[in-house]
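**Q** My structure is stored as input_27.cif, with mmCIF, C-alpha atoms.
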```
data_final
loop_
_atom_site.label_atom_id
_atom_site.label_comp_id
_atom_site.auth_asym_id
_atom_site.auth_seq_id
_atom_site.Cartn_x
_atom_site.Cartn_y
_atom_site.Cartn_z
CA TRP A 1 0.00 0.00 0.00
CA SER A 2 2.65 2.54 1.01
CA HIS A 3 4.63 2.10 -2.23
CA ASP A 4 1.49 2.29 -4.35
CA TYR A 5 0.39 5.39 -2.47
CA LEU A 6 3.75 7.09 -3.00
CA ASP A 7 3.71 6.21 -6.70
CA THR A 8 0.17 7.51 -7.06
CA VAL A 9 0.84 10.80 -5.30
CA LEU A 10 4.12 11.48 -7.06
CA LEU A 11 3.33 10.15 -10.52
CA GLU A 12 -0.22 11.39 -10.81
CA ASP A 13 -0.88 14.23 -8.37
CA VAL A 14 2.49 15.96 -8.28
CA ARG A 15 3.04 15.60 -12.03
CA SER A 16 -0.38 16.97 -12.92
CA LEU A 17 -0.50 19.79 -10.34
CA THR A 18 3.08 21.09 -10.48
CA LYS A 19 5.67 21.96 -13.06
CA ILE A 20 8.06 19.24 -11.87
CA SER A 21 8.94 17.08 -14.83
CA ASP A 22 11.79 14.86 -13.60
CA LEU A 23 10.19 12.86 -10.80
CA ASP A 24 13.16 10.53 -10.30
CA TYR A 25 14.88 13.09 -8.07
CA LEU A 26 11.67 13.52 -6.11
CA PHE A 27 11.55 9.76 -5.48
CA ASP A 28 15.25 9.75 -4.52
CA LEU A 29 14.76 12.57 -2.04
CA TYR A 30 11.75 10.88 -0.46
CA LYS A 31 13.70 7.61 -0.12
CA LEU A 32 16.46 9.51 1.74
CA LEU A 33 14.16 11.12 4.31
CA PRO A 34 13.75 8.06 6.60
CA ASN A 35 17.49 8.30 7.32
CA PHE A 36 17.02 11.80 8.74
CA ILE A 37 14.07 11.18 11.06
CA GLY A 38 14.70 12.52 14.54
CA SER A 39 17.55 14.83 13.60
CA PRO A 40 17.72 18.34 12.16
CA LEU A 41 17.47 18.25 8.39
CA SER A 42 20.19 19.93 6.34
CA GLU A 43 18.79 20.92 2.98
CA GLN A 44 22.33 21.74 1.87
CA THR A 45 23.48 18.17 2.64
CA LEU A 46 20.54 16.76 0.71
CA SER A 47 21.27 18.97 -2.28
CA THR A 48 24.91 17.87 -2.30
CA HIS A 49 23.98 14.20 -1.92
CA LEU A 50 21.43 14.31 -4.75
CA GLU A 51 23.51 16.72 -6.87
CA LEU A 52 20.60 19.12 -7.08
CA SER A 53 20.52 22.83 -6.44
CA PHE A 54 19.60 24.04 -2.98
CA PRO A 55 16.42 25.83 -4.20
CA THR A 56 15.29 22.66 -5.96
CA VAL A 57 15.62 20.55 -2.82
CA LYS A 58 13.83 23.24 -0.83
CA ASN A 59 11.01 23.25 -3.42
CA TYR A 60 10.74 19.44 -3.37
CA LEU A 61 10.47 19.41 0.44
CA LYS A 62 7.76 22.05 0.17
CA LYS A 63 5.88 19.80 -2.28
CA PHE A 64 6.10 16.93 0.21
CA ASP A 65 4.45 19.24 2.76
CA GLN A 66 1.74 20.32 0.33
CA PHE A 67 0.88 16.76 -0.73
CA TYR A 68 0.89 15.37 2.83
CA LEU A 69 3.87 13.10 2.34
CA ALA A 70 6.02 14.80 4.97
CA PHE A 71 6.00 17.75 7.36
CA ARG A 72 8.65 19.73 9.14
CA ILE A 73 8.78 21.18 12.62
CA LYS A 74 10.96 24.10 13.60
CA PRO A 75 12.95 24.53 16.79
CA TYR A 76 11.46 26.57 19.60
CA THR A 77 13.99 29.27 20.43
CA LYS A 78 12.31 31.72 22.77
CA ASN A 79 13.85 31.60 26.28
CA ILE A 80 16.18 28.66 25.44
CA LEU A 81 19.83 29.53 26.05
CA ARG A 82 22.10 28.85 23.06
CA SER A 83 19.24 27.29 21.07
CA ILE A 84 19.50 26.04 17.50
CA LEU A 85 17.75 28.65 15.38
CA LYS A 86 17.05 27.31 11.91
CA ALA A 87 17.29 23.59 11.20
CA SER A 88 13.89 21.94 11.01
CA LYS A 89 13.17 18.27 11.58
CA CYS A 90 11.29 16.31 8.96
CA TYR A 91 8.74 13.57 9.63
CA LEU A 92 6.82 11.32 7.25
CA TYR A 93 3.09 10.80 7.37
CA ASN A 94 3.74 7.18 6.40
CA TRP A 95 5.96 6.10 9.30
CA SER A 96 5.73 2.41 8.31
CA ILE A 97 8.63 2.78 5.86
CA ILE A 98 11.05 3.67 8.67
CA SER A 99 13.00 0.56 9.64
CA GLU A 100 14.60 1.63 12.93
CA PRO A 101 12.04 1.09 15.76
CA CYS A 102 12.99 4.13 17.88
CA TYR A 103 12.83 6.49 14.89
CA ARG A 104 9.58 4.91 13.71
CA PHE A 105 8.12 5.47 17.18
CA GLU A 106 9.27 9.10 17.27
CA ASN A 107 7.81 9.66 13.79
CA PHE A 108 4.52 8.05 14.86
CA VAL A 109 4.34 10.37 17.88
CA ALA A 110 5.17 13.37 15.67
CA VAL A 111 2.28 12.55 13.32
CA GLU A 112 -0.11 12.14 16.25
CA LEU A 113 1.02 15.44 17.79
CA LYS A 114 0.79 17.24 14.45
CA THR A 115 -2.75 15.93 14.05
CA PHE A 116 -3.57 17.00 17.61
CA THR A 117 -2.19 20.54 17.21
CA ASP A 118 -3.97 21.01 13.88
CA PHE A 119 -7.22 19.74 15.39
CA CYS A 120 -6.92 21.98 18.46
CA SER A 121 -6.13 25.01 16.30
CA ASP A 122 -9.15 24.36 14.11
CA LEU A 123 -11.47 23.56 16.99
CA THR A 124 -10.56 26.39 19.35
CA TRP A 125 -9.34 29.11 16.96
CA THR A 126 -6.22 29.20 19.11
CA ASN A 127 -2.75 28.96 17.62
CA PHE A 128 -1.28 25.57 18.59
CA SER A 129 2.02 24.60 16.98
CA LEU A 130 4.53 21.78 17.20
CA HIS A 131 8.25 22.38 17.76
CA TYR A 132 11.33 20.70 19.15
CA ILE A 133 13.99 22.07 21.48
CA LYS A 134 17.71 21.76 20.87
CA ASN A 135 20.66 23.80 22.05
CA LYS A 136 24.20 24.12 20.73
CA GLU A 137 25.41 21.57 23.27
CA GLN A 138 23.25 19.02 21.37
CA LYS A 139 20.80 18.63 24.26
CA GLU A 140 17.36 18.01 22.84
CA THR A 141 13.73 17.49 23.80
CA ASP A 142 11.78 15.79 21.04
CA PHE A 143 8.63 17.92 21.04
CA LEU A 144 7.15 21.07 22.45
CA ILE A 145 3.58 22.12 21.83
CA SER A 146 3.06 25.84 22.05
CA LYS A 147 -0.25 27.56 22.56
CA ASN A 148 -0.43 31.13 21.25
CA HIS A 149 3.38 31.06 20.89
CA GLN A 150 3.86 30.17 24.58
CA PRO A 151 5.23 26.80 25.76
CA TRP A 152 2.38 24.50 26.71
CA LEU A 153 3.58 20.86 26.77
CA MET A 154 7.01 19.21 26.46
CA ILE A 155 7.20 15.61 25.23
CA GLU A 156 10.17 13.24 25.10
CA CYS A 157 9.78 9.93 23.21
CA LYS A 158 11.44 6.82 24.61
CA LEU A 159 10.97 3.17 23.75
CA SER A 160 12.84 2.14 26.89
CA ASP A 161 11.89 2.82 30.49
CA GLN A 162 14.85 5.07 31.29
CA PRO A 163 14.74 8.12 33.57
CA LEU A 164 14.64 11.51 31.88
CA ASP A 165 17.92 13.33 31.37
CA ALA A 166 18.54 16.46 33.43
CA HIS A 167 18.55 18.78 30.42
CA HIS A 168 14.78 18.28 29.98
CA PHE A 169 14.24 19.79 33.42
CA GLU A 170 16.65 22.62 32.57
CA PHE A 171 14.59 23.39 29.46
CA GLN A 172 11.45 23.25 31.58
CA LYS A 173 12.85 25.86 33.97
CA GLN A 174 14.03 28.08 31.10
CA LEU A 175 10.52 27.97 29.65
CA GLY A 176 8.93 28.98 32.95
CA ASN A 177 7.89 25.50 34.10
#
```
So that I can check it, write out the structure of this file as structure tokens.
**A**
Amino acid sequence: WSHDYLDTVLLEDVRSLTKISDLDYLFDLYKLLPNFIGSPLSEQTLSTHLELSFPTVKNYLKKFDQFYLAFRIKPYTKNILRSILKASKCYLYNWSIISEPCYRFENFVAVELKTFTDFCSDLTWTNFSLHYIKNKEQKETDFLISKNHQPWLMIECKLSDQPLDAHHFEFQKQLGN
């Protein structure tokens, strides 16, 4: 199903609704994305790897967003000391193609949280958005839901039953608990 769906969306929908003619690069980019789940996505690295221009890769990622193949979340930077400012993380709506269990689980949670924030925004006419937190020391919290641009809920995904690292509590204090 997932391969047929991807073929249908890319070969029929994207081809007929966009000006993209060479879909092989689009397929190649989509096949690379599962390797980047859970980490900040470098569009420059992708463009080098695929030997495409930076604007082309950026446009292709935008098309994935528009056709509900993938979505990106940006880092939350307000009140976080030495936070990462730009690099977004990319998640796939079809998490079943991700082979690594911990990344598949994180992607599954990301899709559920994205659905939740979109639903809450539509239902309440309040601005809910999904982010992640990461600082320059590479300390990271997987997800932060903001409500009207204010921190509302922090979420860390774990497949194991390990205690939370101290940096999550540091982020919590920086965000005003």
**Q** What are the centre and edge lengths in Å, to one decimal, of the axis-aligned box around all listed atoms of region 27-42 of chain A with 8 Å added on each side, as AutoDock Vina command-line options?
**A**
```
--center_x 15.9 --center_y 13.8 --center_z 4.5 --size_x 24.6 --size_y 28.3 --size_z 36.0
```
**Q** Write out as a list in words which residues come within 6 Å of Ile133 (chain A) when counting all atoms listed in the file, dropping same-chain ones fewer than 6 positions away.
**A**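 In the requested form, the answer reads Pro75, Tyr76, Glu140 and Thr141 of chain A.
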**Q** Evaluate the PyMOL selection byres ((chain A and resi 153) around 10) here and jot the selected residues down as a PyMOL selection string.
**A** chain A and resi 130+143-147+150-152+154-155+172+177
**Q** Would you please work out which residue, of A:Leu6, A:Leu29, A:Leu61, A:Val109, is nearest to Thr48 (chain A) when using only C-alpha atoms?
**A** A:Leu29
**Q** Could you pull the residues within 9 Å of Arg104 (chain A), counting all atoms listed in the file, minus those fewer than 5 positions along the same chain, as a PyMOL selection string?
**A** chain A and resi 34+37+95-99+109
**Q** Quick one: distance from CA of Gln44 (chain A) to CA of Asp65 (chain A) in Å, one decimal?
**A** 18.1 Å
**Q** So, with only C-alpha atoms as the atoms that count, which of A:Phe67, A:Phe36, A:Phe119, A:Tyr25 lies closest to Glu51 (chain A)?
**A**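 Closest residue, counting only C-alpha atoms: A:Tyr25.
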**Q** Kindly indicate which residue among A:Ile73, A:Leu11, A:Lys114, A:Ala87 lies nearest to Thr45 (chain A), using only C-alpha atoms for the distances.
**A**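 Among the listed residues, the smallest separation from Thr45 (chain A) belongs to A:Ala87.
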**Q** Rank nothing, just name the residue among A:Lys158, A:His131, A:Lys31, A:His49 nearest to Lys74 (chain A), using only C-alpha atoms.
**A**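 The shortest atom-to-atom distance to Lys74 (chain A) comes from A:His131.
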**Q** Can you measure CA of Tyr93 (chain A) to CA of Val57 (chain A) for me? One decimal in Å is fine.
**A**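 If I compute the distance from CA of Tyr93 (chain A) to CA of Val57 (chain A), I get 18.9 Å.
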**Q** Using the chain letters and numbers from this file, what does the PyMOL selection byres ((chain A and resi 117) around 10) select? Give the answer as a list in words.
**A** Val111, Glu112, Leu113, Lys114, Thr115, Phe116, Asp118, Phe119, Cys120, Ser121, Asp122, Leu123, Thr126, Asn127, Phe128, Ser129, Leu130, Ile145, Ser146 and Lys147 of chain A
**Q** Excluding same-chain residues fewer than 6 positions from Leu69 (chain A), what lies within 9 Å of it counting all atoms listed in the file, as a PyMOL selection string?
**A** chain A and resi 6+9+30+63+91-94
